[in-house]
Amino acid sequence: MSSGWTDVENGDGVGGEAAAREPLLVSTSNGGAVGGAPNGFSYGKSSSSRRRKQPWIVYLSTLVAICGSYQFGSNVGYSSPTESGITEDLGLTTSEYSLFGSIVNIGAMVGAITSGSIADLIGRKGAMGVYGTFCTVGWLTIGLGQSALALDIGRLLGGYGMGAFSYVVPVYIAEISPSELRGRLTTCNQVMVSTGVSTVYILGILLPWRVLAFTGLVPCALLLTGLLFIPESPRWLAKKGREKDFEVQLQRLRGQDADISSEAAEIQDYIDGLQHLPKAKVLDLFQKRYRHSLIVGVGLMVFQQLGGISGVCFYATSIFEAAVLNTLVIDRIGKKPLVVVSAAGMLVGCVTAATSFFLKIFIAGFAAGMAAIPWVVMSEIFPINIKGTAGSFATLVHSFSSAQSTY
């Protein structure tokens, strides 16, 4: 048969301890799984699986999780439309506001460092609840703050939640999704990030900066409420040895009439292989066996941010204002100077329009691929035994690179 791909994270081609060390996407020669699925085909990609209608709970769980992605986008975009309002009301200098804008990345770096460990310790749902609480307190602190210090603290708390969400949301979606939907549903993470940025830009034109901060509480409330109704990741439950809960939640995600015995057995065999592996540490990521996964996962994060997208999103308002001739004071001017001034104004207008057009091309090009793909790859490329550590490291590098382009 022709060459195909095996999704190790989903249990295809499981081979115990050796398979647990392999990247999630590995090439096979027969295009199917060797984990015991009938007729040589993987359970997740069988024709019956493709025909089976996916239960609504998978989509609901994804919708709840991407409320955290919206938080990411709203935190990134908040500093752009609020710059003039905050600086005027609180008397901030340019340097102080730059700190307010970029300190979110410091919080994101701390969130990235701890996100993998917390998500592995208390579960994907528990971790999202913790990060949602941080974002809630952050927005309240900004909305009620009366000093630059208060706003910086709120921004730091929101940044922590933002950085942690950037890891746990795509991981959770990847772990609950059937293989045929995983790529599409994981991409919803970046779609909602972009939605958060755009929404804050639009609302920032209409609302004062304090009211705009309070609007950030809405997705937090939806997330914290929705977590009460969605299932925990079956893979995390299996990893923690909660076999009964694992089967119940997997059945809930696949539908009450679905036969989950094959998929459950494959996942359990894969998890059992992990028990013989030592706990992953940061230095373990640099071992030769993980070199390719690390270069791809982290490298995409670096290239995504060094393109300057965060600087554009954080200070888009200032960029456009700087490109426009704000005022011309003309006293007793003759026809010739007036023509010169008019021509200069037209020139500035053309340059501004061109700048706006090319900025749109830049953002559209970013959204077309580099926005979403690094997160999708990060959620799938690392073996599960190092996923928490590797995901935290990749997110940390992402936040650090973002800080370089925003301060």
# chains A, B, ... in the order shown; residues from 1 in each chain; ligands from 1
call {"tool": "residues_around", "arguments": {"residues": "Met192 (chain A)", "least_positions_apart": "4", "cutoff": "9 Å", "atoms": "only C-alpha atoms", "output": "list in words"}}
result
Ile66, Cys67, Gly68, Ser69, Tyr70, Gln71, Phe72, Gly73, Thr187, Cys188, Gly196 and Val197 of chain A
call {"tool": "write_last_selection", "arguments": {"atoms": "N, CA and C atoms", "output": "short mmCIF file (atom, residue, chain, number, x, y, z; two decimals), in the first residue's frame"}}
result
data_model
loop_
_atom_site.label_atom_id
_atom_site.label_comp_id
_atom_site.auth_asym_id
_atom_site.auth_seq_id
_atom_site.Cartn_x
_atom_site.Cartn_y
_atom_site.Cartn_z
N ILE A 66 -11.89 27.57 23.83
CA ILE A 66 -11.36 28.71 23.07
C ILE A 66 -11.80 30.05 23.64
N CYS A 67 -12.61 30.05 24.69
CA CYS A 67 -12.81 31.29 25.44
C CYS A 67 -11.47 31.74 26.04
N GLY A 68 -10.61 30.77 26.37
CA GLY A 68 -9.26 31.10 26.82
C GLY A 68 -8.43 31.69 25.70
N SER A 69 -8.64 31.22 24.48
CA SER A 69 -7.95 31.79 23.33
C SER A 69 -8.39 33.23 23.11
N TYR A 70 -9.67 33.50 23.32
CA TYR A 70 -10.16 34.88 23.21
C TYR A 70 -9.45 35.77 24.22
N GLN A 71 -9.22 35.24 25.42
CA GLN A 71 -8.50 36.00 26.43
C GLN A 71 -7.10 36.37 25.94
N PHE A 72 -6.47 35.44 25.27
CA PHE A 72 -5.15 35.70 24.70
C PHE A 72 -5.22 36.90 23.75
N GLY A 73 -6.17 36.85 22.82
CA GLY A 73 -6.29 37.92 21.84
C GLY A 73 -6.66 39.26 22.45
N THR A 187 -7.26 24.43 15.09
CA THR A 187 -7.10 25.71 14.42
C THR A 187 -8.06 26.76 14.97
N CYS A 188 -9.18 26.33 15.55
CA CYS A 188 -10.12 27.27 16.17
C CYS A 188 -9.45 28.09 17.25
N GLY A 196 -10.45 37.81 19.28
CA GLY A 196 -10.25 38.63 20.47
C GLY A 196 -9.56 39.93 20.16
N VAL A 197 -8.52 39.88 19.35
CA VAL A 197 -7.79 41.10 18.97
C VAL A 197 -8.72 42.04 18.22
#
call {"tool": "residues_around", "arguments": {"residues": "Thr141 (chain A)", "least_positions_apart": "6", "cutoff": "10 Å", "atoms": "only C-alpha atoms", "output": "PyMOL selection string"}}
result
chain A and resi 135+150-155+157-158+210+213-214
call {"tool": "residues_around", "arguments": {"residues": "Leu396 (chain A)", "least_positions_apart": "6", "cutoff": "7 Å", "atoms": "only C-alpha atoms", "output": "ChimeraX atom specification"}}
result
/A:109,112-113
call {"tool": "closest_residue", "arguments": {"among": "A:Gly159, A:Ile386, A:Val64, A:Leu140", "to": "Leu274 (chain A)", "atoms": "only C-alpha atoms"}}
result
A:Ile386
call {"tool": "closest_residue", "arguments": {"among": "A:Ala264, A:Gly138, A:Gly77, A:Val193", "to": "Glu243 (chain A)", "atoms": "only C-alpha atoms"}}
result
A:Ala264
call {"tool": "residues_around", "arguments": {"residues": "Tyr97 (chain A)", "least_positions_apart": "6", "cutoff": "9 Å", "atoms": "only C-alpha atoms", "output": "VMD selection string"}}
result
chain A and resid 79 83 86 to 87 148
call {"tool": "write_last_selection", "arguments": {"atoms": "N, CA and C atoms", "output": "PDB file, in the first residue's frame"}}
result
ATOM      1  N   SER A  79      -3.881  47.027  24.583  1.00  0.00           N
ATOM      2  CA  SER A  79      -3.016  48.205  24.732  1.00  0.00           C
ATOM      3  C   SER A  79      -3.067  49.142  23.530  1.00  0.00           C
ATOM      4  N   GLU A  83      -4.412  53.453  24.471  1.00  0.00           N
ATOM      5  CA  GLU A  83      -3.199  54.210  24.791  1.00  0.00           C
ATOM      6  C   GLU A  83      -3.495  55.664  25.147  1.00  0.00           C
ATOM      7  N   ILE A  86      -5.633  56.014  28.541  1.00  0.00           N
ATOM      8  CA  ILE A  86      -4.904  55.708  29.774  1.00  0.00           C
ATOM      9  C   ILE A  86      -3.849  56.765  30.064  1.00  0.00           C
ATOM     10  N   THR A  87      -3.109  57.159  29.056  1.00  0.00           N
ATOM     11  CA  THR A  87      -2.052  58.152  29.280  1.00  0.00           C
ATOM     12  C   THR A  87      -2.632  59.492  29.712  1.00  0.00           C
ATOM     13  N   ALA A 148      -0.378  53.673  37.767  1.00  0.00           N
ATOM     14  CA  ALA A 148       0.356  52.866  36.798  1.00  0.00           C
ATOM     15  C   ALA A 148       0.719  51.513  37.384  1.00  0.00           C
TER      16      ALA A 148
END
call {"tool": "residues_around", "arguments": {"residues": "Gly255 (chain A)", "least_positions_apart": "2", "cutoff": "12 Å", "atoms": "only C-alpha atoms", "output": "ChimeraX atom specification"}}
result
/A:49,52-58,178,247-253,257-260
call {"tool": "write_last_selection", "arguments": {"atoms": "N, CA, C and O atoms", "output": "PDB file, in the first residue's frame"}}
result
ATOM      1  N   SER A  49     -15.829   5.223  11.380  1.00  0.00           N
ATOM      2  CA  SER A  49     -15.555   6.421  12.179  1.00  0.00           C
ATOM      3  C   SER A  49     -15.820   7.672  11.385  1.00  0.00           C
ATOM      4  O   SER A  49     -16.348   8.654  11.883  1.00  0.00           O
ATOM      5  N   ARG A  52     -19.521   8.229  11.154  1.00  0.00           N
ATOM      6  CA  ARG A  52     -20.219   8.482  12.409  1.00  0.00           C
ATOM      7  C   ARG A  52     -20.308   9.976  12.690  1.00  0.00           C
ATOM      8  O   ARG A  52     -19.322  10.695  12.618  1.00  0.00           O
ATOM      9  N   LYS A  53     -21.470  10.451  13.014  1.00  0.00           N
ATOM     10  CA  LYS A  53     -21.674  11.847  13.357  1.00  0.00           C
ATOM     11  C   LYS A  53     -21.057  12.126  14.722  1.00  0.00           C
ATOM     12  O   LYS A  53     -21.330  11.421  15.696  1.00  0.00           O
ATOM     13  N   GLN A  54     -20.234  13.154  14.780  1.00  0.00           N
ATOM     14  CA  GLN A  54     -19.558  13.460  16.028  1.00  0.00           C
ATOM     15  C   GLN A  54     -20.547  14.068  17.021  1.00  0.00           C
ATOM     16  O   GLN A  54     -21.350  14.925  16.666  1.00  0.00           O
ATOM     17  N   PRO A  55     -20.510  13.637  18.290  1.00  0.00           N
ATOM     18  CA  PRO A  55     -21.439  14.163  19.298  1.00  0.00           C
ATOM     19  C   PRO A  55     -21.171  15.644  19.566  1.00  0.00           C
ATOM     20  O   PRO A  55     -20.045  16.122  19.452  1.00  0.00           O
ATOM     21  N   TRP A  56     -22.225  16.344  19.948  1.00  0.00           N
ATOM     22  CA  TRP A  56     -22.152  17.788  20.172  1.00  0.00           C
ATOM     23  C   TRP A  56     -21.180  18.160  21.284  1.00  0.00           C
ATOM     24  O   TRP A  56     -20.669  19.275  21.308  1.00  0.00           O
ATOM     25  N   ILE A  57     -20.909  17.234  22.193  1.00  0.00           N
ATOM     26  CA  ILE A  57     -20.058  17.568  23.344  1.00  0.00           C
ATOM     27  C   ILE A  57     -18.636  17.917  22.910  1.00  0.00           C
ATOM     28  O   ILE A  57     -17.959  18.716  23.564  1.00  0.00           O
ATOM     29  N   VAL A  58     -18.162  17.340  21.804  1.00  0.00           N
ATOM     30  CA  VAL A  58     -16.822  17.678  21.311  1.00  0.00           C
ATOM     31  C   VAL A  58     -16.766  19.141  20.895  1.00  0.00           C
ATOM     32  O   VAL A  58     -15.823  19.866  21.227  1.00  0.00           O
ATOM     33  N   PRO A 178     -11.457  13.583  17.872  1.00  0.00           N
ATOM     34  CA  PRO A 178     -11.134  12.432  17.024  1.00  0.00           C
ATOM     35  C   PRO A 178     -10.136  12.855  15.960  1.00  0.00           C
ATOM     36  O   PRO A 178     -10.053  14.034  15.601  1.00  0.00           O
ATOM     37  N   GLU A 247     -12.776   5.879  30.759  1.00  0.00           N
ATOM     38  CA  GLU A 247     -13.713   5.249  29.835  1.00  0.00           C
ATOM     39  C   GLU A 247     -15.035   6.014  29.759  1.00  0.00           C
ATOM     40  O   GLU A 247     -15.627   6.144  28.679  1.00  0.00           O
ATOM     41  N   VAL A 248     -15.491   6.525  30.907  1.00  0.00           N
ATOM     42  CA  VAL A 248     -16.752   7.277  30.924  1.00  0.00           C
ATOM     43  C   VAL A 248     -16.634   8.537  30.073  1.00  0.00           C
ATOM     44  O   VAL A 248     -17.521   8.850  29.256  1.00  0.00           O
ATOM     45  N   GLN A 249     -15.546   9.267  30.244  1.00  0.00           N
ATOM     46  CA  GLN A 249     -15.382  10.519  29.503  1.00  0.00           C
ATOM     47  C   GLN A 249     -15.129  10.265  28.015  1.00  0.00           C
ATOM     48  O   GLN A 249     -15.607  11.030  27.161  1.00  0.00           O
ATOM     49  N   LEU A 250     -14.398   9.212  27.689  1.00  0.00           N
ATOM     50  CA  LEU A 250     -14.177   8.891  26.286  1.00  0.00           C
ATOM     51  C   LEU A 250     -15.486   8.499  25.616  1.00  0.00           C
ATOM     52  O   LEU A 250     -15.760   8.902  24.474  1.00  0.00           O
ATOM     53  N   GLN A 251     -16.318   7.722  26.315  1.00  0.00           N
ATOM     54  CA  GLN A 251     -17.625   7.351  25.770  1.00  0.00           C
ATOM     55  C   GLN A 251     -18.497   8.583  25.565  1.00  0.00           C
ATOM     56  O   GLN A 251     -19.209   8.705  24.560  1.00  0.00           O
ATOM     57  N   ARG A 252     -18.423   9.501  26.497  1.00  0.00           N
ATOM     58  CA  ARG A 252     -19.203  10.736  26.399  1.00  0.00           C
ATOM     59  C   ARG A 252     -18.775  11.556  25.186  1.00  0.00           C
ATOM     60  O   ARG A 252     -19.614  12.148  24.504  1.00  0.00           O
ATOM     61  N   LEU A 253     -17.497  11.588  24.910  1.00  0.00           N
ATOM     62  CA  LEU A 253     -16.980  12.363  23.784  1.00  0.00           C
ATOM     63  C   LEU A 253     -17.269  11.696  22.443  1.00  0.00           C
ATOM     64  O   LEU A 253     -17.451  12.388  21.428  1.00  0.00           O
ATOM     65  N   ASP A 257     -23.523   5.492  21.650  1.00  0.00           N
ATOM     66  CA  ASP A 257     -23.664   4.312  20.804  1.00  0.00           C
ATOM     67  C   ASP A 257     -22.350   3.890  20.140  1.00  0.00           C
ATOM     68  O   ASP A 257     -22.309   2.889  19.429  1.00  0.00           O
ATOM     69  N   ALA A 258     -21.279   4.666  20.378  1.00  0.00           N
ATOM     70  CA  ALA A 258     -20.000   4.380  19.727  1.00  0.00           C
ATOM     71  C   ALA A 258     -19.260   3.255  20.455  1.00  0.00           C
ATOM     72  O   ALA A 258     -19.334   3.128  21.678  1.00  0.00           O
ATOM     73  N   ASP A 259     -18.559   2.435  19.694  1.00  0.00           N
ATOM     74  CA  ASP A 259     -17.719   1.381  20.264  1.00  0.00           C
ATOM     75  C   ASP A 259     -16.329   1.962  20.503  1.00  0.00           C
ATOM     76  O   ASP A 259     -15.586   2.232  19.570  1.00  0.00           O
ATOM     77  N   ILE A 260     -16.006   2.169  21.769  1.00  0.00           N
ATOM     78  CA  ILE A 260     -14.724   2.797  22.111  1.00  0.00           C
ATOM     79  C   ILE A 260     -13.688   1.788  22.578  1.00  0.00           C
ATOM     80  O   ILE A 260     -12.587   2.167  22.978  1.00  0.00           O
TER      81      ILE A 260
END
call {"tool": "atom_distance", "arguments": {"atom1": "CA of Leu90 (chain A)", "atom2": "CA of Ser198 (chain A)"}}
result
25.4 Å
call {"tool": "closest_residue", "arguments": {"among": "A:Ile176, A:Ile230, A:Leu92, A:Ala164", "to": "Gly111 (chain A)", "atoms": "only C-alpha atoms"}}
result
A:Ala164
call {"tool": "atom_distance", "arguments": {"atom1": "CA of Leu237 (chain A)", "atom2": "CA of Glu180 (chain A)"}}
result
21.9 Å
call {"tool": "decode", "arguments": {"residues": "region 169-192 of chain A", "atoms": "N, CA, C and O atoms", "output": "PDB file, in the first residue's frame"}}
result
ATOM      1  N   VAL A 169      -4.927  25.211  25.955  1.00  0.00           N
ATOM      2  CA  VAL A 169      -6.104  25.156  25.078  1.00  0.00           C
ATOM      3  C   VAL A 169      -5.870  24.245  23.875  1.00  0.00           C
ATOM      4  O   VAL A 169      -6.666  23.324  23.624  1.00  0.00           O
ATOM      5  N   PRO A 170      -4.799  24.454  23.077  1.00  0.00           N
ATOM      6  CA  PRO A 170      -4.612  23.538  21.941  1.00  0.00           C
ATOM      7  C   PRO A 170      -4.353  22.102  22.360  1.00  0.00           C
ATOM      8  O   PRO A 170      -4.743  21.164  21.653  1.00  0.00           O
ATOM      9  N   VAL A 171      -3.702  21.907  23.508  1.00  0.00           N
ATOM     10  CA  VAL A 171      -3.459  20.546  23.984  1.00  0.00           C
ATOM     11  C   VAL A 171      -4.775  19.863  24.353  1.00  0.00           C
ATOM     12  O   VAL A 171      -5.022  18.705  23.990  1.00  0.00           O
ATOM     13  N   TYR A 172      -5.634  20.575  25.076  1.00  0.00           N
ATOM     14  CA  TYR A 172      -6.925  20.007  25.464  1.00  0.00           C
ATOM     15  C   TYR A 172      -7.757  19.650  24.240  1.00  0.00           C
ATOM     16  O   TYR A 172      -8.329  18.554  24.149  1.00  0.00           O
ATOM     17  N   ILE A 173      -7.827  20.565  23.280  1.00  0.00           N
ATOM     18  CA  ILE A 173      -8.624  20.309  22.078  1.00  0.00           C
ATOM     19  C   ILE A 173      -8.072  19.112  21.310  1.00  0.00           C
ATOM     20  O   ILE A 173      -8.830  18.259  20.832  1.00  0.00           O
ATOM     21  N   ALA A 174      -6.740  19.024  21.197  1.00  0.00           N
ATOM     22  CA  ALA A 174      -6.130  17.907  20.478  1.00  0.00           C
ATOM     23  C   ALA A 174      -6.413  16.574  21.168  1.00  0.00           C
ATOM     24  O   ALA A 174      -6.598  15.552  20.498  1.00  0.00           O
ATOM     25  N   GLU A 175      -6.479  16.588  22.495  1.00  0.00           N
ATOM     26  CA  GLU A 175      -6.659  15.338  23.236  1.00  0.00           C
ATOM     27  C   GLU A 175      -8.108  14.853  23.257  1.00  0.00           C
ATOM     28  O   GLU A 175      -8.350  13.663  23.447  1.00  0.00           O
ATOM     29  N   ILE A 176      -9.074  15.739  23.087  1.00  0.00           N
ATOM     30  CA  ILE A 176     -10.466  15.295  23.111  1.00  0.00           C
ATOM     31  C   ILE A 176     -11.009  15.035  21.709  1.00  0.00           C
ATOM     32  O   ILE A 176     -12.057  14.403  21.556  1.00  0.00           O
ATOM     33  N   SER A 177     -10.308  15.506  20.682  1.00  0.00           N
ATOM     34  CA  SER A 177     -10.837  15.440  19.325  1.00  0.00           C
ATOM     35  C   SER A 177     -10.526  14.110  18.660  1.00  0.00           C
ATOM     36  O   SER A 177      -9.436  13.561  18.835  1.00  0.00           O
ATOM     37  N   PRO A 178     -11.457  13.583  17.872  1.00  0.00           N
ATOM     38  CA  PRO A 178     -11.134  12.432  17.024  1.00  0.00           C
ATOM     39  C   PRO A 178     -10.136  12.855  15.960  1.00  0.00           C
ATOM     40  O   PRO A 178     -10.053  14.034  15.601  1.00  0.00           O
ATOM     41  N   SER A 179      -9.365  11.933  15.456  1.00  0.00           N
ATOM     42  CA  SER A 179      -8.263  12.274  14.556  1.00  0.00           C
ATOM     43  C   SER A 179      -8.711  13.031  13.320  1.00  0.00           C
ATOM     44  O   SER A 179      -8.010  13.922  12.841  1.00  0.00           O
ATOM     45  N   GLU A 180      -9.907  12.709  12.793  1.00  0.00           N
ATOM     46  CA  GLU A 180     -10.330  13.353  11.556  1.00  0.00           C
ATOM     47  C   GLU A 180     -10.755  14.804  11.754  1.00  0.00           C
ATOM     48  O   GLU A 180     -10.889  15.557  10.796  1.00  0.00           O
ATOM     49  N   LEU A 181     -10.974  15.221  13.010  1.00  0.00           N
ATOM     50  CA  LEU A 181     -11.371  16.597  13.290  1.00  0.00           C
ATOM     51  C   LEU A 181     -10.288  17.397  14.000  1.00  0.00           C
ATOM     52  O   LEU A 181     -10.431  18.603  14.178  1.00  0.00           O
ATOM     53  N   ARG A 182      -9.226  16.739  14.408  1.00  0.00           N
ATOM     54  CA  ARG A 182      -8.255  17.380  15.298  1.00  0.00           C
ATOM     55  C   ARG A 182      -7.639  18.643  14.697  1.00  0.00           C
ATOM     56  O   ARG A 182      -7.545  19.669  15.362  1.00  0.00           O
ATOM     57  N   GLY A 183      -7.217  18.566  13.438  1.00  0.00           N
ATOM     58  CA  GLY A 183      -6.583  19.734  12.841  1.00  0.00           C
ATOM     59  C   GLY A 183      -7.520  20.922  12.763  1.00  0.00           C
ATOM     60  O   GLY A 183      -7.160  22.047  13.107  1.00  0.00           O
ATOM     61  N   ARG A 184      -8.769  20.672  12.324  1.00  0.00           N
ATOM     62  CA  ARG A 184      -9.735  21.766  12.186  1.00  0.00           C
ATOM     63  C   ARG A 184     -10.099  22.375  13.528  1.00  0.00           C
ATOM     64  O   ARG A 184     -10.196  23.605  13.665  1.00  0.00           O
ATOM     65  N   LEU A 185     -10.324  21.543  14.530  1.00  0.00           N
ATOM     66  CA  LEU A 185     -10.729  22.069  15.823  1.00  0.00           C
ATOM     67  C   LEU A 185      -9.580  22.793  16.528  1.00  0.00           C
ATOM     68  O   LEU A 185      -9.799  23.803  17.194  1.00  0.00           O
ATOM     69  N   THR A 186      -8.364  22.272  16.379  1.00  0.00           N
ATOM     70  CA  THR A 186      -7.219  22.937  17.004  1.00  0.00           C
ATOM     71  C   THR A 186      -6.975  24.304  16.377  1.00  0.00           C
ATOM     72  O   THR A 186      -6.559  25.249  17.058  1.00  0.00           O
ATOM     73  N   THR A 187      -7.259  24.428  15.088  1.00  0.00           N
ATOM     74  CA  THR A 187      -7.100  25.707  14.417  1.00  0.00           C
ATOM     75  C   THR A 187      -8.064  26.760  14.966  1.00  0.00           C
ATOM     76  O   THR A 187      -7.784  27.959  14.882  1.00  0.00           O
ATOM     77  N   CYS A 188      -9.184  26.330  15.548  1.00  0.00           N
ATOM     78  CA  CYS A 188     -10.118  27.275  16.166  1.00  0.00           C
ATOM     79  C   CYS A 188      -9.446  28.089  17.255  1.00  0.00           C
ATOM     80  O   CYS A 188      -9.895  29.206  17.569  1.00  0.00           O
ATOM     81  N   ASN A 189      -8.392  27.543  17.858  1.00  0.00           N
ATOM     82  CA  ASN A 189      -7.648  28.284  18.869  1.00  0.00           C
ATOM     83  C   ASN A 189      -7.159  29.615  18.315  1.00  0.00           C
ATOM     84  O   ASN A 189      -7.401  30.678  18.905  1.00  0.00           O
ATOM     85  N   GLN A 190      -6.472  29.591  17.168  1.00  0.00           N
ATOM     86  CA  GLN A 190      -5.943  30.824  16.608  1.00  0.00           C
ATOM     87  C   GLN A 190      -7.046  31.701  16.025  1.00  0.00           C
ATOM     88  O   GLN A 190      -6.946  32.930  16.060  1.00  0.00           O
ATOM     89  N   VAL A 191      -8.108  31.099  15.512  1.00  0.00           N
ATOM     90  CA  VAL A 191      -9.234  31.893  15.010  1.00  0.00           C
ATOM     91  C   VAL A 191      -9.804  32.755  16.130  1.00  0.00           C
ATOM     92  O   VAL A 191     -10.103  33.943  15.945  1.00  0.00           O
ATOM     93  N   MET A 192      -9.942  32.170  17.319  1.00  0.00           N
ATOM     94  CA  MET A 192     -10.495  32.924  18.434  1.00  0.00           C
ATOM     95  C   MET A 192      -9.498  33.944  18.971  1.00  0.00           C
ATOM     96  O   MET A 192      -9.907  35.001  19.470  1.00  0.00           O
TER      97      MET A 192
END
